[in-house]
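> The following file, upload.txt, comprises compact mmCIF, C-alpha atoms:
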# COMPACT_ATOMS: atom_id res chain seq x y z
CA MET A 1 -44.88 49.23 2.94
CA LEU A 2 -41.29 50.07 2.08
CA ILE A 3 -39.05 48.98 -0.78
CA GLN A 4 -36.09 47.08 0.63
CA THR A 5 -32.90 46.58 -1.39
CA SER A 6 -30.96 43.41 -0.63
CA ILE A 7 -27.23 42.97 -0.16
CA TYR A 8 -27.59 40.59 -3.11
CA ALA A 9 -28.41 43.21 -5.70
CA GLY A 10 -31.72 42.49 -7.37
CA ALA A 11 -32.22 39.12 -5.70
CA TYR A 12 -34.58 40.06 -2.89
CA ASP A 13 -36.01 43.43 -3.93
CA GLY A 14 -39.69 43.88 -3.21
CA PRO A 15 -42.08 45.29 -0.66
CA THR A 16 -41.51 45.14 3.09
CA MET A 17 -44.11 44.03 5.61
CA PHE A 18 -43.44 45.27 9.15
CA VAL A 19 -44.42 42.97 12.05
CA LYS A 20 -44.32 44.35 15.59
CA ALA A 21 -43.80 42.24 18.71
CA TYR A 22 -46.17 42.53 21.65
CA ASN A 23 -43.37 43.96 23.80
CA SER A 24 -41.69 46.13 21.19
CA ALA A 25 -40.43 49.53 22.24
CA LYS A 26 -41.20 50.93 18.80
CA VAL A 27 -44.01 53.47 18.69
CA GLY A 28 -46.13 53.73 15.58
CA PRO A 29 -48.17 51.62 13.17
CA ALA A 30 -47.24 48.22 11.76
CA ASP A 31 -48.63 46.00 9.05
CA TYR A 32 -49.14 43.30 11.68
CA THR A 33 -49.06 43.55 15.48
CA CYS A 34 -48.54 40.46 17.60
CA ASP A 35 -50.10 39.72 20.99
CA GLY A 36 -47.42 37.35 22.36
CA THR A 37 -49.61 34.26 22.08
CA ASP A 38 -49.14 32.63 18.64
CA ASP A 39 -47.08 35.23 16.84
CA ASN A 40 -46.38 32.82 14.01
CA VAL A 41 -49.89 33.67 12.73
CA GLU A 42 -48.99 37.30 12.04
CA ILE A 43 -45.55 36.43 10.67
CA GLN A 44 -47.04 33.83 8.31
CA ALA A 45 -49.67 36.31 7.13
CA ALA A 46 -46.93 38.81 6.32
CA ILE A 47 -45.00 36.16 4.35
CA ASP A 48 -48.11 35.07 2.44
CA ALA A 49 -48.89 38.68 1.56
CA LEU A 50 -45.57 38.88 -0.31
CA THR A 51 -46.80 36.87 -3.28
CA LYS A 52 -43.76 37.74 -5.40
CA GLY A 53 -41.20 37.90 -2.61
CA GLY A 54 -39.95 40.71 -0.41
CA THR A 55 -38.99 41.37 3.20
CA VAL A 56 -40.69 40.61 6.49
CA GLU A 57 -39.10 42.99 8.97
CA LEU A 58 -39.52 42.03 12.60
CA SER A 59 -39.40 44.71 15.27
CA ASP A 60 -37.37 44.52 18.44
CA GLY A 61 -38.87 42.26 21.08
CA THR A 62 -39.94 38.64 21.49
CA PHE A 63 -42.06 36.62 19.07
CA ARG A 64 -43.61 33.47 20.53
CA ILE A 65 -43.88 30.75 17.89
CA GLY A 66 -46.65 28.16 18.34
CA ASP A 67 -46.57 26.52 14.89
CA THR A 68 -44.23 26.06 11.94
CA ILE A 69 -43.62 29.13 9.78
CA ARG A 70 -43.47 28.25 6.08
CA ILE A 71 -40.70 30.05 4.23
CA LYS A 72 -40.13 30.41 0.48
CA GLY A 73 -37.75 31.66 -2.15
CA GLY A 74 -37.34 35.41 -2.66
CA LEU A 75 -38.07 36.04 1.03
CA THR A 76 -36.00 37.98 3.55
CA ILE A 77 -36.73 37.79 7.28
CA ARG A 78 -34.89 40.61 9.01
CA GLY A 79 -34.65 41.44 12.71
CA GLN A 80 -33.10 44.27 14.70
CA GLY A 81 -30.06 42.36 15.97
CA GLN A 82 -29.27 39.11 17.79
CA TYR A 83 -30.23 40.63 21.11
CA GLY A 84 -32.90 42.90 19.65
CA THR A 85 -35.24 40.40 17.98
CA GLU A 86 -35.95 36.87 19.21
CA MET A 87 -38.23 34.18 17.86
CA VAL A 88 -38.72 31.67 20.68
CA ALA A 89 -40.63 28.38 20.63
CA LYS A 90 -43.73 28.21 22.78
CA GLN A 91 -43.94 25.36 25.26
CA GLY A 92 -45.10 22.27 23.38
CA LEU A 93 -44.36 23.54 19.86
CA ASN A 94 -42.88 20.12 18.99
CA LYS A 95 -42.43 21.12 15.35
CA ASP A 96 -39.75 22.77 13.27
CA MET A 97 -39.78 26.55 13.66
CA LEU A 98 -39.02 27.58 10.05
CA SER A 99 -39.52 25.12 7.22
CA TYR A 100 -39.35 24.89 3.43
CA SER A 101 -40.85 21.72 2.00
CA GLU A 102 -41.92 22.59 -1.55
CA SER A 103 -41.15 20.07 -4.29
CA THR A 104 -39.96 22.65 -6.84
CA ASN A 105 -36.75 24.65 -6.99
CA GLN A 106 -36.91 28.10 -5.43
CA TYR A 107 -34.10 30.56 -4.79
CA PHE A 108 -32.86 33.38 -2.57
CA PHE A 109 -34.04 33.11 1.01
CA GLN A 110 -32.40 35.35 3.62
CA MET A 111 -32.47 35.46 7.42
CA ILE A 112 -30.66 38.41 8.96
CA ASN A 113 -30.05 39.98 12.39
CA LEU A 114 -32.11 37.91 14.79
CA THR A 115 -32.11 35.11 17.37
CA MET A 116 -33.99 31.81 17.08
CA SER A 117 -34.45 29.90 20.34
CA GLY A 118 -35.95 26.49 20.99
CA GLY A 119 -36.78 27.60 24.53
CA ASN A 120 -35.40 29.61 27.40
CA ASN A 121 -32.44 27.32 28.10
CA PHE A 122 -30.73 24.18 26.79
CA THR A 123 -31.74 21.99 29.74
CA THR A 124 -35.49 22.12 29.19
CA PRO A 125 -36.31 23.26 25.63
CA ASN A 126 -39.88 24.10 24.71
CA THR A 127 -39.89 21.97 21.56
CA VAL A 128 -38.62 18.67 20.18
CA GLY A 129 -38.33 20.21 16.72
CA ARG A 130 -35.59 21.86 14.72
CA GLY A 131 -34.76 25.47 14.02
CA LEU A 132 -34.48 26.15 10.28
CA VAL A 133 -35.22 23.26 7.91
CA ALA A 134 -34.99 23.31 4.12
CA ASN A 135 -35.75 19.70 3.22
CA ASN A 136 -35.98 19.96 -0.52
CA LYS A 137 -34.98 22.43 -3.20
CA LEU A 138 -34.45 25.82 -1.63
CA ASN A 139 -31.24 27.16 -3.19
CA ASP A 140 -28.92 30.13 -2.60
CA GLY A 141 -30.02 30.79 0.96
CA TYR A 142 -28.18 33.27 3.15
CA ILE A 143 -28.05 33.32 6.96
CA THR A 144 -26.06 36.12 8.53
CA LYS A 145 -25.70 37.78 11.93
CA CYS A 146 -28.02 35.26 13.58
CA PHE A 147 -27.89 33.43 16.92
CA ILE A 148 -29.49 29.97 16.85
CA ARG A 149 -29.73 28.13 20.18
CA TYR A 150 -31.58 25.68 22.45
CA PHE A 151 -33.01 23.41 19.75
CA PRO A 152 -32.93 19.78 20.94
CA GLN A 153 -32.25 18.55 17.40
CA ASN A 154 -30.75 20.40 14.42
CA ALA A 155 -30.33 24.13 14.65
CA VAL A 156 -30.10 24.19 10.84
CA TYR A 157 -30.85 21.32 8.45
CA LEU A 158 -30.31 21.79 4.70
CA GLY A 159 -31.12 19.07 2.18
CA THR A 160 -30.42 18.99 -1.59
CA GLY A 161 -30.10 22.75 -1.94
CA TRP A 162 -27.22 24.51 -3.70
CA GLY A 163 -25.22 27.57 -2.75
CA TRP A 164 -26.20 28.21 0.88
CA VAL A 165 -24.10 30.73 2.83
CA LEU A 166 -23.84 30.90 6.63
CA ASP A 167 -21.91 33.95 7.76
CA ALA A 168 -21.05 35.78 11.00
CA SER A 169 -23.48 33.72 13.06
CA VAL A 170 -23.43 31.79 16.34
CA ILE A 171 -24.84 28.27 16.78
CA GLU A 172 -24.72 27.03 20.38
CA TYR A 173 -26.46 24.64 22.80
CA ASN A 174 -28.29 22.51 20.22
CA ALA A 175 -28.76 18.82 19.32
CA LYS A 176 -29.04 17.48 22.86
CA TYR A 177 -31.55 14.79 21.90
CA GLY A 178 -30.69 14.09 18.25
CA GLY A 179 -29.45 15.48 14.96
CA ARG A 180 -26.48 17.81 14.61
CA ALA A 181 -26.04 21.52 15.08
CA LEU A 182 -25.59 22.27 11.36
CA GLU A 183 -26.35 19.41 8.96
CA ILE A 184 -26.10 19.57 5.18
CA VAL A 185 -27.21 16.57 3.10
CA THR A 186 -26.60 16.19 -0.66
CA GLY A 187 -26.07 19.91 -1.08
CA ARG A 188 -23.47 21.62 -3.25
CA GLY A 189 -21.38 24.79 -2.98
CA ALA A 190 -22.24 25.71 0.62
CA ARG A 191 -20.00 28.29 2.34
CA ILE A 192 -19.65 28.59 6.11
CA TYR A 193 -17.43 31.39 7.35
CA ASN A 194 -16.71 33.66 10.30
CA CYS A 195 -19.02 31.70 12.58
CA LYS A 196 -18.79 30.44 16.15
CA ILE A 197 -20.20 26.91 16.47
CA MET A 198 -19.68 25.31 19.89
CA GLU A 199 -21.27 23.89 23.05
CA ASN A 200 -23.50 21.65 20.92
CA TYR A 201 -24.21 18.09 22.01
CA ALA A 202 -23.45 16.45 18.65
CA GLU A 203 -21.33 17.37 15.64
CA ASN A 204 -21.02 21.10 15.10
CA ILE A 205 -21.03 20.59 11.31
CA TYR A 206 -22.12 17.35 9.60
CA LEU A 207 -21.77 16.99 5.83
CA TRP A 208 -23.20 13.94 4.08
CA SER A 209 -22.94 13.32 0.32
CA THR A 210 -22.11 16.97 -0.30
CA TYR A 211 -19.90 18.58 -2.90
CA GLU A 212 -17.61 21.64 -2.85
CA THR A 213 -18.36 22.94 0.65
CA SER A 214 -16.03 25.64 2.03
CA ILE A 215 -15.50 26.25 5.75
CA TYR A 216 -13.18 29.05 6.79
CA GLY A 217 -12.53 31.61 9.51
CA CYS A 218 -14.70 29.80 12.08
CA TYR A 219 -14.23 28.93 15.75
CA MET A 220 -15.42 25.47 16.76
CA ARG A 221 -15.19 23.35 19.90
CA ALA A 222 -16.06 19.66 20.05
CA GLU A 223 -17.88 18.16 23.02
CA THR A 224 -17.25 14.87 24.85
CA ASN A 225 -16.87 11.94 22.42
CA LYS A 226 -18.15 14.11 19.57
CA ASN A 227 -16.72 15.54 16.36
CA GLY A 228 -16.26 19.18 15.52
CA ILE A 229 -16.75 18.52 11.79
CA ALA A 230 -17.77 15.15 10.35
CA LEU A 231 -17.53 14.47 6.60
CA ILE A 232 -19.17 11.43 5.00
CA ASP A 233 -18.83 11.19 1.22
CA ALA A 234 -18.30 14.95 1.28
CA ASP A 235 -16.16 15.48 -1.81
CA ARG A 236 -13.93 18.52 -2.43
CA THR A 237 -14.55 20.03 0.98
CA VAL A 238 -12.16 22.87 1.84
CA ILE A 239 -11.46 23.53 5.55
CA VAL A 240 -9.09 26.50 5.80
CA GLY A 241 -8.05 29.04 8.43
CA ASN A 242 -10.29 27.89 11.27
CA HIS A 243 -9.54 27.51 14.98
CA PHE A 244 -10.55 24.22 16.59
CA ALA A 245 -10.62 23.78 20.34
CA ALA A 246 -11.24 20.50 22.15
CA ASP A 247 -11.18 20.27 25.93
CA LYS A 248 -13.51 17.30 26.42
CA ALA A 249 -12.60 13.61 26.69
CA GLY A 250 -12.71 11.61 23.47
CA SER A 251 -13.43 14.56 21.18
CA THR A 252 -12.21 14.71 17.57
CA SER A 253 -12.08 18.04 15.76
CA VAL A 254 -12.14 17.00 12.06
CA TYR A 255 -13.34 13.52 11.04
CA LEU A 256 -13.08 12.46 7.38
CA ARG A 257 -15.00 9.26 6.65
CA TYR A 258 -16.36 6.91 3.98
CA ASP A 259 -15.45 8.00 0.47
CA THR A 260 -14.74 11.65 1.27
CA ASP A 261 -12.38 12.48 -1.62
CA ASP A 262 -10.21 15.47 -2.56
CA ALA A 263 -10.64 17.26 0.77
CA VAL A 264 -8.27 20.05 1.81
CA VAL A 265 -7.52 20.73 5.50
CA ASN A 266 -5.06 23.61 5.47
CA GLY A 267 -3.78 26.36 7.74
CA ASN A 268 -5.96 25.59 10.74
CA SER A 269 -5.07 25.89 14.42
CA PHE A 270 -5.93 22.96 16.71
CA SER A 271 -5.77 23.41 20.50
CA GLY A 272 -6.57 20.35 22.58
CA ALA A 273 -6.66 19.84 26.33
CA ALA A 274 -8.15 17.64 29.07
CA GLY A 275 -8.31 14.35 27.18
CA ALA A 276 -9.00 15.63 23.67
CA LYS A 277 -8.47 12.58 21.46
CA THR A 278 -7.68 13.48 17.86
CA ALA A 279 -7.28 16.66 15.84
CA ILE A 280 -7.77 15.10 12.39
CA LYS A 281 -8.99 11.55 11.82
CA ILE A 282 -9.24 9.66 8.51
CA ASP A 283 -11.46 6.58 8.64
CA HIS A 284 -12.01 4.66 5.41
CA GLY A 285 -14.90 2.65 6.75
CA GLY A 286 -14.11 -0.77 5.32
CA THR A 287 -14.49 -0.72 1.52
CA GLN A 288 -14.75 3.04 1.08
CA SER A 289 -11.44 4.88 0.68
CA VAL A 290 -10.64 8.52 1.40
CA ASP A 291 -8.60 9.58 -1.62
CA GLY A 292 -6.84 12.73 -2.76
CA THR A 293 -6.84 14.31 0.69
CA THR A 294 -4.34 17.06 1.52
CA ILE A 295 -3.64 17.92 5.17
CA SER A 296 -1.09 20.71 5.28
CA GLY A 297 0.17 23.69 7.23
CA ASN A 298 -1.84 23.01 10.37
CA SER A 299 -0.67 23.75 13.90
CA ILE A 300 -1.73 20.92 16.20
CA HIS A 301 -1.11 20.82 19.95
CA GLY A 302 -2.56 19.14 23.03
CA TYR A 303 -4.30 16.13 21.45
CA THR A 304 -3.56 12.49 22.17
CA ASN A 305 -3.28 12.02 18.39
CA ALA A 306 -2.56 14.90 16.08
CA ILE A 307 -3.57 12.92 12.99
CA GLU A 308 -5.10 9.47 13.25
CA TRP A 309 -5.36 7.05 10.35
CA ALA A 310 -7.99 4.48 11.23
CA GLN A 311 -8.36 1.05 9.70
CA GLY A 312 -9.89 0.71 6.27
CA ASN A 313 -9.41 0.45 2.54
CA ALA A 314 -6.39 1.80 0.67
CA SER A 315 -6.08 5.55 0.23
CA VAL A 316 -4.70 6.98 -3.00
CA ASP A 317 -2.70 10.19 -3.37
CA THR A 318 -3.11 11.37 0.21
CA LYS A 319 -0.68 14.03 1.44
CA VAL A 320 0.09 15.08 5.00
CA ILE A 321 2.54 17.91 4.53
CA GLY A 322 4.08 20.72 6.55
CA ASN A 323 2.14 20.34 9.79
CA SER A 324 3.60 21.11 13.19
CA GLY A 325 2.47 19.20 16.22
CA THR A 326 3.18 16.58 18.80
CA ASP A 327 2.39 13.29 17.09
CA VAL A 328 0.89 11.61 14.07
CA THR A 329 -0.56 8.15 14.60
CA TYR A 330 -1.46 5.98 11.63
CA SER A 331 -3.48 3.48 13.60
CA SER A 332 -6.53 3.43 15.80
CA GLY A 333 -4.81 0.90 18.04
CA SER A 334 -7.37 -1.88 17.89
CA PRO A 335 -7.73 -3.14 15.27
CA THR A 336 -4.47 -2.02 13.71
CA LEU A 337 -4.14 -0.25 10.41
CA ASP A 338 -4.65 -2.12 7.18
CA PRO A 339 -1.22 -1.84 5.51
CA ALA A 340 -2.91 -0.89 2.24
CA SER A 341 -3.95 2.38 3.84
CA VAL A 342 -0.42 3.75 3.70
CA SER A 343 -0.18 3.35 -0.06
CA GLN A 344 1.03 6.61 -1.59
CA LEU A 345 1.11 8.34 1.77
CA ASP A 346 3.21 11.48 1.71
CA ILE A 347 4.22 12.77 5.16
CA SER A 348 6.70 15.37 3.99
CA LEU A 349 7.77 18.42 5.97
CA ASN A 350 5.96 17.49 9.14
CA LYS A 351 7.49 18.28 12.49
CA ILE A 352 6.25 14.98 13.87
CA THR A 353 7.12 11.40 14.63
CA ALA A 354 5.13 8.68 12.89
CA THR A 355 4.99 4.97 13.64
CA LEU A 356 3.29 2.46 11.38
CA PRO A 357 1.98 -0.73 13.02
CA ASP A 358 3.22 -4.24 12.39
CA GLY A 359 1.30 -6.08 9.73
CA ASP A 360 1.37 -8.11 6.56
CA TYR A 361 2.43 -5.76 3.77
CA SER A 362 2.96 -8.50 1.19
CA GLY A 363 1.37 -7.81 -2.15
CA GLN A 364 1.25 -4.08 -1.44
CA ILE A 365 3.40 -1.32 -2.84
CA ALA A 366 3.44 0.97 0.16
CA THR A 367 5.33 4.19 -0.51
CA ILE A 368 6.34 6.56 2.27
CA VAL A 369 7.97 9.87 1.38
CA LEU A 370 9.75 11.81 4.12
CA THR A 371 11.22 15.26 3.61
CA THR A 372 12.59 17.83 6.01
CA GLN A 373 14.48 21.03 5.33
CA THR A 374 17.27 22.76 7.20
CA TYR A 375 15.77 26.17 6.38
CA PRO A 376 13.14 27.00 7.40
CA PRO A 377 13.88 24.82 10.46
CA TYR A 378 11.19 22.16 10.32
CA GLY A 379 13.26 19.88 12.56
CA VAL A 380 14.10 16.25 12.02
CA ALA A 381 11.31 13.82 11.23
CA THR A 382 11.53 10.09 11.85
CA VAL A 383 9.41 7.32 10.39
CA THR A 384 9.44 3.81 11.77
CA VAL A 385 8.00 1.13 9.51
CA PRO A 386 6.93 -2.24 10.86
CA ASN A 387 8.12 -5.79 10.85
CA TYR A 388 6.75 -7.93 8.06
CA GLY A 389 5.47 -11.21 9.42
CA SER A 390 5.95 -12.65 12.86
CA GLY A 391 9.49 -13.47 13.98
CA ILE A 392 11.16 -11.64 11.09
CA ASP A 393 13.12 -8.54 12.00
CA ASN A 394 12.89 -6.36 8.92
CA SER A 395 11.74 -3.16 10.59
CA CYS A 396 13.26 0.11 9.50
CA THR A 397 13.71 3.56 10.99
CA MET A 398 14.23 6.32 8.45
CA SER A 399 15.38 9.82 9.37
CA SER A 400 16.02 12.85 7.22
CA THR A 401 17.77 16.17 7.60
CA ASP A 402 17.77 17.94 4.25
CA ASP A 403 17.19 15.25 1.63
CA MET A 404 14.09 13.53 0.32
CA TRP A 405 13.82 9.85 1.07
CA SER A 406 11.38 7.42 -0.46
CA LEU A 407 10.92 3.99 1.07
CA MET A 408 9.03 1.25 -0.78
CA TRP A 409 8.05 -2.23 0.29
CA ASN A 410 9.55 -4.84 -1.99
CA ALA A 411 7.20 -7.82 -1.71
CA ALA A 412 9.49 -10.19 -3.64
CA ALA A 413 12.52 -9.44 -1.45
CA GLY A 414 10.44 -9.32 1.72
CA LYS A 415 11.94 -6.06 2.97
CA TRP A 416 11.74 -2.30 2.76
CA PHE A 417 13.79 -0.80 -0.04
CA ASP A 418 14.99 2.79 -0.25
CA VAL A 419 14.58 3.99 -3.83
CA ILE A 420 16.38 7.31 -3.45
CA LYS A 421 19.32 6.80 -1.10
CA LYS A 422 20.55 3.94 1.07
CA VAL A 423 19.34 4.03 4.66
CA SER A 424 21.73 2.07 6.80
CA SER A 425 19.21 1.04 9.41
CA CYS A 426 16.91 -0.61 6.85
CA PRO A 427 17.47 -4.32 6.13
Would you mind writing the structure in this file as C-alpha cells?

Amino acid sequence: MLIQTSIYAGAYDGPTMFVKAYNSAKVGPADYTCDGTDDNVEIQAAIDALTKGGTVELSDGTFRIGDTIRIKGGLTIRGQGQYGTEMVAKQGLNKDMLSYSESTNQYFFQMINLTMSGGNNFTTPNTVGRGLVANNKLNDGYITKCFIRYFPQNAVYLGTGWGWVLDASVIEYNAKYGGRALEIVTGRGARIYNCKIMENYAENIYLWSTYETSIYGCYMRAETNKNGIALIDADRTVIVGNHFAADKAGSTSVYLRYDTDDAVVNGNSFSGAAGAKTAIKIDHGGTQSVDGTTISGNSIHGYTNAIEWAQGNASVDTKVIGNSGTDVTYSSGSPTLDPASVSQLDISLNKITATLPDGDYSGQIATIVLTTQTYPPYGVATVTVPNYGSGIDNSCTMSSTDDMWSLMWNAAAGKWFDVIKKVSSCP
C-alpha cells in the first residue's frame, strides 16, 4: 500500500489500495484483482479496508459493476484516465452505480480520471439506475477529469450536500428515461466549471432549492424541448462565461423559475439554430416571483426569443443590461404577460427591440428604464409599451440615443408618463 497525497492538502491523505481489472495491461501484484464478472465486490472490499479513508486506485481496463458500490467521506477513487479506466454497468444492474446514503455528515469524497458508463451505448443501457448518487449529507465532494455517460436517469444526483465541485468533466447521453444529467437538490455552494454537458435527453443541469451555485467556463447544448440549465428556487446562482448552443426545436438554454432570486447571468455566449426557442427565460410560476435577477453582457444570436419573460407574479429589481442580440420578448404569447411583471424592469444598454403586450396596467407602477450610449456604439434601442384598456389609444414608443429615459405608468391619469424628459410620441 502506498501513501497518496491529495490535491486538497491533508483532506484525503491515507493508504492506497490498488485494484486491477481483469483485462489490465499492468504487470505485477495488486491488493485486489478482478475477474470481469462482479468487479464491484473487489472495489467494495478495497473501500471497506480503508477504515479511516484513503485512495482506491483502479488500474487501466474495464470494471464490470453488478451491484451498487457504497462510497464514503475521506475516500478517493482514482483511475488512469477517461479512456484508460472504465466502470461499466453489467446487464441488469438496475441500481445506482455509486451511492452514499448515510444519515450523518461526512466530508471529502473524490472521483478522478475515469469513465462511468451505464452500458455500451445510449440506446440500450444495461441499467435503469443512476451513476453517482449522494442522497444525504456527503459534503465537499470533488469530481474531476471524468466521463459519465449512458445512464438512463441521472448521471450525477446530489442532495443536501454542501460544497461539491465538478471540474473538467464530460457528461453526455444520459437521462433518456427520467431524471436529469446533473441534478442538485437543496445543496449549497456547488461549483461547476470547465465541463462539457450535452447530448442529454433532459436538462443538462437542474438546480432545485439550492443556494450560491456557480457555473462558469462550460459548454452546454440543449436538446429538443429541453432546457440547458433549469433553476427552481435556486437563489444566488451565478452563471458566467459559458457557451450555450441550441440547435433543436423548442429548446431553451437558461430557464429561471419559481422564486429563483438574486441570480446573475453574465458574459455568456448563446448560439441558436434550427428552431431554438429561447436563450434566457424567466417564468414566475403564478405566485412565485423571480427577484433581483441581473442579465447582462451576454451575446445572443439565432434564437426565436433572446430573452423571454413569461407570465407570472411581479418581479422586483430585475435588470437586463448591456446584452447584444436579435430580440427580447417580454411575453410567452399565450397567455400574455401579467403587467405587474414589468415592475422595476431595467432594460438599459441592450442592443435589442422590446415590445410589451397590451394589458390592464391600472393600479401598477410599472417603470421601464431605457439607456443607450453613442460610445461605445450600442445602437439605438426602442421600447413599445401597450395600450391600456380596449379601444383607448395610449400606446407609446420610446427611443433613446444618448440619454436615459424613464417611463412610468400613471394610473390616475390613465397614460404613460415620462419622468425624465418629454417623449413626443407618448400620450
> Just how far from CA of Ser103 in chain A is CA of Gly161 in chain A, in Å to one decimal?
11.6 Å
> Please report the interatomic distance between CA of Gly131 in chain A and CA of Gly217 in chain A in Å with one decimal.
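Going from CA of Gly131 in chain A over to CA of Gly217 in chain A, I get 23.5 Å.
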> With distances taken over only C-alpha atoms, which residue among A:Tyr107, A:Phe147, A:Tyr32, A:Phe63 lies nearest Ile47 in chain A?
A:Tyr32
> CA of Gly73 in chain A and CA of Gln106 in chain A are how many Å apart?
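CA of Gln106 in chain A lies 4.9 Å from CA of Gly73 in chain A.
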> Quick one: of A:Gln91, A:Thr55, A:Asn266, A:Thr278, who's nearest to Gly297 in chain A, counting only C-alpha atoms?
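Using only C-alpha atoms, the shortest distance to Gly297 in chain A belongs to A:Asn266.
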> Counting all atoms listed in the file, which residue out of A:Lys277, A:Lys196, A:Lys26, A:His243 sits closest to Lys226 in chain A?
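The closest residue to Lys226 in chain A is A:Lys277.
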> What would the list of residues within 6 Å of (-12.8, 21.8, 17.3) (file frame) look like as a PyMOL selection string, if only C-alpha atoms are what count?
chain A and resi 220-222+228+244-246+253
> List every protein, DNA or RNA residue with an atom no more than 7 Å from (-12.9, 28.7, 11.2) in the file's coordinates, counting all atoms listed in the file, and format the result as an MDAnalysis selection string.
chainID A and resid 193:195 215:220 240:243
> Please provide as number ranges by chain all residues within 8 Å of range 180-192 of chain A, with the sequence filter that same-chain residues fewer than 5 positions apart are discarded (counting all atoms listed in the file).
A: 153-167, 171-172, 174-175, 200-216, 218
> List the neighbours of Ala249 in chain A out to 10 Å using only C-alpha atoms; skip same-chain residues closer than 4 positions along the sequence, and give me the result as a ChimeraX atom specification.
/A:222-226,272-277
> Within 9 Å of Gly81 in chain A, counting only C-alpha atoms, which residues show up once you throw out same-chain ones fewer than 6 positions away? Write them as a list of chain:residue names, please.
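Counting only C-alpha atoms, the residues come to A:Asp60, A:Ile112, A:Asn113, A:Leu114, A:Thr115, A:Lys145, A:Cys146.
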> Which one is closest to Gly292 in chain A: A:Ala263, A:Ala168, A:Ile71, A:Met87? Count all atoms listed in the file.
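Of A:Ala263, A:Ala168, A:Ile71, A:Met87, the one nearest Gly292 in chain A is A:Ala263, counting all atoms listed in the file.
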> Padding 3 Å on each side, edges along x, y and z: where is the centre of the box around the listed atoms of range 136-148 of chain A, and how long are its edges in Å to one decimal? Output it as JSON.

{"center_x": -30.8, "center_y": 28.9, "center_z": 6.9, "size_x": 16.3, "size_y": 23.8, "size_z": 26.1}
> I need the residue nearest Ala306 in chain A from this list: A:Leu93, A:Val320, A:Met17, A:Ile280. Use all atoms listed in the file for the distance.
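Closest to Ala306 in chain A, using all atoms listed in the file: A:Ile280.
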